[in-house]
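Novice: Provided herewith is a single structure, encoded as structure tokens, for subsequent inquiry.
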Amino acid sequence: MGEFDGKVVYITGVARGQGRKHAIRFAREGAKIIGMDLCASPSEYVKYPTTTPDDLAETIAKVEAEGGEILAEVGDVRDLAFQQDLVTRGVERFGGRLDVVIANAGICNWGKVWEIDEEQWNDTIDINLTGYWKTLKASIPAMLEAGNGGSIILVSSVAGLKAMPVQSPYSASKHGVVGLAQTAAKELGEHRIRVNTIHPTGVGTPMVMNETMQEFITARPEVVDSMRNLMPVEMIEPEDLSNAILFLVSDDARYITGNAMPVAAGQNASNVV
């Protein structure tokens, strides 16, 4: 028996990285998964390798290998109608309930405030912040209709707690996620739906572990300084985020809402900004 037997979890950005690990972990705990991922380049300003349909197929296979059920499709978090339709079909398929939402899909790019392009700014905000709002708009009505309470996690970043150089649209979007989550927490508390943000330091996923990112960091030593952890680790693993999220959505955290939880190896407490 798993901790989340019979429960339904909606995860965006599920094809690889953090989203895949969350899906596998929840499936292992007995949950049914609704998932989506763009599986293509979301912006011309994203220079690292992006997800593919093969990545999504691998996630589906890994969830099913855990004995889990999953409905996962290719789609864009910027497409509200798609998210609403996917959630509706997933809830119908899995028994009329939705217990956990993890807004995870996001992008990262680089450039100084006055050097970035307008489209670069807009793409990042549209995906990382407006896309999160669309995820909430698509999923909250199903949670309210089910009447089971529940938990929502918006994946922010340590860049949502402190400023990060050459990441202005990313940092702004991740700060905005905190305001969105805390507003939703105030509105949903009476329905016993909790809303929290989680703030990782660098995570060992393809978004970070690639040649383009390493070349950029090598050329920008100030970026390295801003991302230095207090603990002697360069970055954490996706499983570390999954562990924290499982706690936040569990009954053990039943009175934690409107909270910003760092999983940042102390980077959030660093004086280096």
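Following the order of the structure tokens, chains are lettered A, B, ..., residues in each are numbered from 1, and ligands are numbered from 1.
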Please provide as a PyMOL selection string all residues within 10 Å of Asp76 of chain A, with the sequence filter that same-chain residues fewer than 6 positions apart are discarded (counting only C-alpha atoms).

Specialist: chain A and resi 12-13+36-40+42+82-83+105+127+131

Novice: For Gly258 of chain A, list every protein, DNA or RNA residue within 6 Å, evaluated using only C-alpha atoms, and leave out those in the same chain fewer than 4 positions away; present the list as a count of residues only.

Specialist: 4

Novice: Which residue, A:Pro232, A:Gly96, A:Pro238, A:Gly179, has the smallest gap to Met143 of chain A when you use only C-alpha atoms?

Specialist: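 That would be A:Gly96, the residue with the smallest distance to Met143 of chain A.
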
Novice: Which residues, written as a PDB file with N, CA and C atoms, in the first residue's frame, have at least one atom at most 12 Å from Ser156 of chain A, with only C-alpha atoms counted and residues fewer than 4 positions away on the same chain left out?

Specialist:
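Output contents, as saved in out03.pdb:
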ATOM      1  N   ILE A 102       1.096  19.894  -9.335  1.00  0.00           N
ATOM      2  CA  ILE A 102       2.490  20.344  -9.291  1.00  0.00           C
ATOM      3  C   ILE A 102       2.772  21.121 -10.576  1.00  0.00           C
ATOM      4  N   ALA A 103       2.832  22.439 -10.463  1.00  0.00           N
ATOM      5  CA  ALA A 103       3.167  23.297 -11.601  1.00  0.00           C
ATOM      6  C   ALA A 103       4.681  23.353 -11.700  1.00  0.00           C
ATOM      7  N   ASN A 104       5.222  22.680 -12.691  1.00  0.00           N
ATOM      8  CA  ASN A 104       6.658  22.449 -12.773  1.00  0.00           C
ATOM      9  C   ASN A 104       7.274  22.927 -14.084  1.00  0.00           C
ATOM     10  N   ALA A 105       6.487  23.038 -15.148  1.00  0.00           N
ATOM     11  CA  ALA A 105       7.044  23.385 -16.460  1.00  0.00           C
ATOM     12  C   ALA A 105       7.629  24.790 -16.442  1.00  0.00           C
ATOM     13  N   GLY A 106       8.849  24.926 -16.942  1.00  0.00           N
ATOM     14  CA  GLY A 106       9.470  26.241 -16.971  1.00  0.00           C
ATOM     15  C   GLY A 106      10.681  26.267 -17.876  1.00  0.00           C
ATOM     16  N   ILE A 107      11.165  27.476 -18.145  1.00  0.00           N
ATOM     17  CA  ILE A 107      12.350  27.657 -18.980  1.00  0.00           C
ATOM     18  C   ILE A 107      13.315  28.615 -18.284  1.00  0.00           C
ATOM     19  N   CYS A 108      14.549  28.613 -18.774  1.00  0.00           N
ATOM     20  CA  CYS A 108      15.567  29.517 -18.254  1.00  0.00           C
ATOM     21  C   CYS A 108      16.390  30.043 -19.421  1.00  0.00           C
ATOM     22  N   ASN A 128       6.690  30.733 -17.366  1.00  0.00           N
ATOM     23  CA  ASN A 128       7.028  30.511 -15.958  1.00  0.00           C
ATOM     24  C   ASN A 128       6.045  31.104 -14.976  1.00  0.00           C
ATOM     25  N   LEU A 129       5.293  32.112 -15.382  1.00  0.00           N
ATOM     26  CA  LEU A 129       4.351  32.753 -14.459  1.00  0.00           C
ATOM     27  C   LEU A 129       2.911  32.658 -14.961  1.00  0.00           C
ATOM     28  N   TYR A 132       1.784  29.158 -15.086  1.00  0.00           N
ATOM     29  CA  TYR A 132       1.405  28.636 -13.770  1.00  0.00           C
ATOM     30  C   TYR A 132      -0.023  29.052 -13.421  1.00  0.00           C
ATOM     31  N   GLY A 160      13.689  32.844  -6.894  1.00  0.00           N
ATOM     32  CA  GLY A 160      12.455  33.467  -6.463  1.00  0.00           C
ATOM     33  C   GLY A 160      12.529  33.991  -5.042  1.00  0.00           C
ATOM     34  N   LEU A 161      13.697  33.832  -4.411  1.00  0.00           N
ATOM     35  CA  LEU A 161      13.911  34.332  -3.051  1.00  0.00           C
ATOM     36  C   LEU A 161      14.976  35.417  -2.998  1.00  0.00           C
ATOM     37  N   LYS A 162      15.885  35.418  -3.972  1.00  0.00           N
ATOM     38  CA  LYS A 162      16.916  36.448  -4.034  1.00  0.00           C
ATOM     39  C   LYS A 162      17.207  36.753  -5.496  1.00  0.00           C
ATOM     40  N   TYR A 170      13.756  35.328 -15.629  1.00  0.00           N
ATOM     41  CA  TYR A 170      13.601  34.100 -14.838  1.00  0.00           C
ATOM     42  C   TYR A 170      13.369  34.442 -13.374  1.00  0.00           C
ATOM     43  N   SER A 171      14.220  35.308 -12.819  1.00  0.00           N
ATOM     44  CA  SER A 171      14.086  35.664 -11.413  1.00  0.00           C
ATOM     45  C   SER A 171      12.768  36.389 -11.154  1.00  0.00           C
ATOM     46  N   ALA A 172      12.378  37.290 -12.052  1.00  0.00           N
ATOM     47  CA  ALA A 172      11.108  37.993 -11.887  1.00  0.00           C
ATOM     48  C   ALA A 172       9.931  37.023 -11.910  1.00  0.00           C
ATOM     49  N   SER A 173       9.975  36.062 -12.826  1.00  0.00           N
ATOM     50  CA  SER A 173       8.874  35.092 -12.900  1.00  0.00           C
ATOM     51  C   SER A 173       8.814  34.237 -11.645  1.00  0.00           C
ATOM     52  N   LYS A 174       9.961  33.838 -11.117  1.00  0.00           N
ATOM     53  CA  LYS A 174       9.987  32.972  -9.952  1.00  0.00           C
ATOM     54  C   LYS A 174       9.603  33.727  -8.677  1.00  0.00           C
ATOM     55  N   HIS A 175       9.900  35.034  -8.612  1.00  0.00           N
ATOM     56  CA  HIS A 175       9.366  35.847  -7.521  1.00  0.00           C
ATOM     57  C   HIS A 175       7.842  35.976  -7.665  1.00  0.00           C
ATOM     58  N   GLY A 176       7.382  36.163  -8.896  1.00  0.00           N
ATOM     59  CA  GLY A 176       5.937  36.295  -9.125  1.00  0.00           C
ATOM     60  C   GLY A 176       5.166  35.064  -8.723  1.00  0.00           C
ATOM     61  N   VAL A 177       5.764  33.896  -8.896  1.00  0.00           N
ATOM     62  CA  VAL A 177       5.125  32.644  -8.505  1.00  0.00           C
ATOM     63  C   VAL A 177       4.799  32.640  -7.005  1.00  0.00           C
ATOM     64  N   VAL A 178       5.658  33.264  -6.197  1.00  0.00           N
ATOM     65  CA  VAL A 178       5.415  33.316  -4.753  1.00  0.00           C
ATOM     66  C   VAL A 178       4.150  34.117  -4.462  1.00  0.00           C
ATOM     67  N   GLY A 179       4.004  35.267  -5.101  1.00  0.00           N
ATOM     68  CA  GLY A 179       2.797  36.057  -4.897  1.00  0.00           C
ATOM     69  C   GLY A 179       1.547  35.336  -5.363  1.00  0.00           C
ATOM     70  N   LEU A 180       1.643  34.643  -6.497  1.00  0.00           N
ATOM     71  CA  LEU A 180       0.510  33.871  -7.010  1.00  0.00           C
ATOM     72  C   LEU A 180       0.117  32.785  -6.022  1.00  0.00           C
ATOM     73  N   ALA A 181       1.103  32.065  -5.508  1.00  0.00           N
ATOM     74  CA  ALA A 181       0.821  30.962  -4.586  1.00  0.00           C
ATOM     75  C   ALA A 181       0.227  31.460  -3.278  1.00  0.00           C
ATOM     76  N   ASN A 196       1.650  25.905  -1.696  1.00  0.00           N
ATOM     77  CA  ASN A 196       2.996  26.246  -1.267  1.00  0.00           C
ATOM     78  C   ASN A 196       3.931  26.352  -2.472  1.00  0.00           C
ATOM     79  N   THR A 197       5.039  27.052  -2.280  1.00  0.00           N
ATOM     80  CA  THR A 197       6.087  27.086  -3.293  1.00  0.00           C
ATOM     81  C   THR A 197       7.306  26.348  -2.760  1.00  0.00           C
ATOM     82  N   ILE A 198       8.085  25.825  -3.695  1.00  0.00           N
ATOM     83  CA  ILE A 198       9.326  25.147  -3.338  1.00  0.00           C
ATOM     84  C   ILE A 198      10.450  25.771  -4.160  1.00  0.00           C
ATOM     85  N   HIS A 199      11.617  25.949  -3.528  1.00  0.00           N
ATOM     86  CA  HIS A 199      12.662  26.787  -4.102  1.00  0.00           C
ATOM     87  C   HIS A 199      14.000  26.048  -4.134  1.00  0.00           C
ATOM     88  N   PRO A 200      14.265  25.326  -5.214  1.00  0.00           N
ATOM     89  CA  PRO A 200      15.537  24.588  -5.294  1.00  0.00           C
ATOM     90  C   PRO A 200      16.704  25.472  -5.710  1.00  0.00           C
ATOM     91  N   THR A 201      17.881  25.068  -5.290  1.00  0.00           N
ATOM     92  CA  THR A 201      19.112  25.532  -5.905  1.00  0.00           C
ATOM     93  C   THR A 201      19.247  24.809  -7.245  1.00  0.00           C
ATOM     94  N   GLY A 202      20.412  24.852  -7.864  1.00  0.00           N
ATOM     95  CA  GLY A 202      20.600  24.140  -9.119  1.00  0.00           C
ATOM     96  C   GLY A 202      20.314  22.658  -8.967  1.00  0.00           C
ATOM     97  N   LEU A 241      14.024  17.071  -4.605  1.00  0.00           N
ATOM     98  CA  LEU A 241      12.799  17.853  -4.748  1.00  0.00           C
ATOM     99  C   LEU A 241      11.573  16.976  -4.568  1.00  0.00           C
ATOM    100  N   ASN A 259       3.416  28.804   2.244  1.00  0.00           N
ATOM    101  CA  ASN A 259       4.803  28.717   2.685  1.00  0.00           C
ATOM    102  C   ASN A 259       5.745  28.636   1.489  1.00  0.00           C
ATOM    103  N   ALA A 260       6.930  29.246   1.629  1.00  0.00           N
ATOM    104  CA  ALA A 260       7.986  29.144   0.619  1.00  0.00           C
ATOM    105  C   ALA A 260       9.100  28.281   1.203  1.00  0.00           C
ATOM    106  N   MET A 261       9.240  27.063   0.690  1.00  0.00           N
ATOM    107  CA  MET A 261      10.217  26.121   1.245  1.00  0.00           C
ATOM    108  C   MET A 261      11.471  26.069   0.381  1.00  0.00           C
ATOM    109  N   PRO A 262      12.617  26.524   0.888  1.00  0.00           N
ATOM    110  CA  PRO A 262      13.860  26.350   0.154  1.00  0.00           C
ATOM    111  C   PRO A 262      14.360  24.911   0.268  1.00  0.00           C
ATOM    112  N   VAL A 263      14.801  24.355  -0.847  1.00  0.00           N
ATOM    113  CA  VAL A 263      15.562  23.101  -0.863  1.00  0.00           C
ATOM    114  C   VAL A 263      16.822  23.462  -1.635  1.00  0.00           C
ATOM    115  N   ALA A 264      17.694  24.219  -0.970  1.00  0.00           N
ATOM    116  CA  ALA A 264      18.685  25.010  -1.696  1.00  0.00           C
ATOM    117  C   ALA A 264      20.099  24.865  -1.171  1.00  0.00           C
TER     118      ALA A 264
END

Novice: Quick check, in Å to one decimal: how far apart do atom CA of Tyr10 of chain A and atom CA of Val101 of chain A lie?

Specialist: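 For atom CA of Tyr10 of chain A relative to atom CA of Val101 of chain A, the distance reads 4.8 Å.
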
Novice: Smallest atom-to-atom distance to Gly90 of chain A: which of A:Glu64, A:Lys112, A:Val8, A:Leu56, using only C-alpha atoms?

Specialist: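 Of the candidates, the smallest distance to Gly90 of chain A is held by A:Val8.
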
Novice: Mind checking DSSP for segment 21-213 of chain A and telling me the alpha helix (DSSP H) residues as a ChimeraX atom specification?

Specialist: /A:21-28,53-65,80-93,118-125,131-146,168-188,211-213

Novice: Return the single residue from A:Val63, A:Ala72, A:Ala81, A:Val155 that is closest to Ala244 of chain A, with distances computed using only C-alpha atoms.

Specialist: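 Result for the nearest residue to Ala244 of chain A: A:Val155.
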
Novice: Compile the contact shell of segment 117-120 of chain A as a list in words: residues with an atom at most 12 Å away, counting only C-alpha atoms, same-chain residues fewer than 6 positions apart removed.

Specialist: Pro42, Ser43, Glu44, Tyr45, Val46, Lys47, Ile107, Cys108, Asn109, Trp110, Gly111, Asp126, Ile127, Gln167, Ser168, Pro169 and Tyr170 of chain A

Novice: For N, CA and C atoms, I'd like the residues from the last selection saved as a JSON list (two decimals), in the first residue's frame.

Specialist:
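The new file result_5.json reads:
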[["chain", "number", "residue", "atom", "x", "y", "z"],
["A", 42, "PRO", "N", 10.38, 25.64, -26.57],
["A", 42, "PRO", "CA", 9.35, 26.61, -26.22],
["A", 42, "PRO", "C", 9.67, 28.04, -26.62],
["A", 43, "SER", "N", 10.93, 28.30, -26.98],
["A", 43, "SER", "CA", 11.34, 29.67, -27.27],
["A", 43, "SER", "C", 12.68, 29.63, -28.00],
["A", 44, "GLU", "N", 12.89, 30.55, -28.92],
["A", 44, "GLU", "CA", 14.17, 30.60, -29.62],
["A", 44, "GLU", "C", 15.31, 30.99, -28.69],
["A", 45, "TYR", "N", 14.97, 31.49, -27.50],
["A", 45, "TYR", "CA", 16.00, 31.93, -26.54],
["A", 45, "TYR", "C", 16.43, 30.82, -25.59],
["A", 46, "VAL", "N", 15.79, 29.67, -25.69],
["A", 46, "VAL", "CA", 16.21, 28.51, -24.91],
["A", 46, "VAL", "C", 17.28, 27.77, -25.71],
["A", 47, "LYS", "N", 18.50, 27.74, -25.18],
["A", 47, "LYS", "CA", 19.63, 27.20, -25.93],
["A", 47, "LYS", "C", 20.00, 25.78, -25.53],
["A", 107, "ILE", "N", 11.17, 27.48, -18.14],
["A", 107, "ILE", "CA", 12.35, 27.66, -18.98],
["A", 107, "ILE", "C", 13.32, 28.62, -18.28],
["A", 108, "CYS", "N", 14.55, 28.61, -18.77],
["A", 108, "CYS", "CA", 15.57, 29.52, -18.25],
["A", 108, "CYS", "C", 16.39, 30.04, -19.42],
["A", 109, "ASN", "N", 16.73, 31.32, -19.37],
["A", 109, "ASN", "CA", 17.63, 31.90, -20.36],
["A", 109, "ASN", "C", 18.42, 33.02, -19.69],
["A", 110, "TRP", "N", 19.30, 33.66, -20.45],
["A", 110, "TRP", "CA", 20.29, 34.53, -19.83],
["A", 110, "TRP", "C", 20.41, 35.86, -20.56],
["A", 111, "GLY", "N", 20.85, 36.87, -19.82],
["A", 111, "GLY", "CA", 21.12, 38.17, -20.41],
["A", 111, "GLY", "C", 20.90, 39.28, -19.40],
["A", 126, "ASP", "N", 5.54, 34.35, -19.86],
["A", 126, "ASP", "CA", 4.36, 33.62, -20.33],
["A", 126, "ASP", "C", 4.38, 32.17, -19.87],
["A", 127, "ILE", "N", 5.55, 31.56, -19.88],
["A", 127, "ILE", "CA", 5.65, 30.15, -19.49],
["A", 127, "ILE", "C", 5.77, 30.00, -17.98],
["A", 167, "GLN", "N", 19.68, 36.99, -15.14],
["A", 167, "GLN", "CA", 18.48, 36.13, -15.20],
["A", 167, "GLN", "C", 17.23, 36.93, -14.87],
["A", 168, "SER", "N", 17.14, 38.16, -15.32],
["A", 168, "SER", "CA", 16.04, 39.02, -14.86],
["A", 168, "SER", "C", 14.65, 38.46, -15.16],
["A", 169, "PRO", "N", 14.35, 37.96, -16.36],
["A", 169, "PRO", "CA", 12.99, 37.44, -16.57],
["A", 169, "PRO", "C", 12.74, 36.17, -15.77],
["A", 170, "TYR", "N", 13.76, 35.33, -15.63],
["A", 170, "TYR", "CA", 13.60, 34.10, -14.84],
["A", 170, "TYR", "C", 13.37, 34.44, -13.37]]

Novice: Find the residues around Pro53 of chain A up to 8 Å (only C-alpha atoms counted), leave out those fewer than 4 positions away in its own chain, and share them as a list in words.

Specialist: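 Listed by chain and then number, they are Ala15, Cys39, Ala57 and Val74 of chain A.
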
Novice: How would the residues just picked look written out with N, CA, C and O atoms as a compact mmCIF listing (two decimals), in the first residue's frame?

Specialist:
# COMPACT_ATOMS: atom_id res chain seq x y z
N ALA A 15 7.94 15.34 -18.92
CA ALA A 15 8.64 14.45 -19.85
C ALA A 15 10.04 14.04 -19.38
O ALA A 15 10.53 12.98 -19.78
N CYS A 39 7.37 19.07 -25.27
CA CYS A 39 8.14 18.15 -26.12
C CYS A 39 8.63 18.82 -27.41
O CYS A 39 8.64 18.23 -28.49
N ALA A 57 7.35 9.55 -23.80
CA ALA A 57 7.07 8.11 -23.87
C ALA A 57 7.86 7.35 -22.81
O ALA A 57 7.35 6.39 -22.20
N VAL A 74 1.18 15.64 -25.11
CA VAL A 74 1.95 16.79 -25.57
C VAL A 74 1.05 18.01 -25.59
O VAL A 74 -0.06 17.98 -26.15

Novice: Considering only C-alpha atoms, state which residue in the set A:Glu92, A:Arg25, A:Arg228, A:Val14 is at the smallest distance from Val77 of chain A.

Specialist: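 Of all the options, A:Val14 lies closest to Val77 of chain A.
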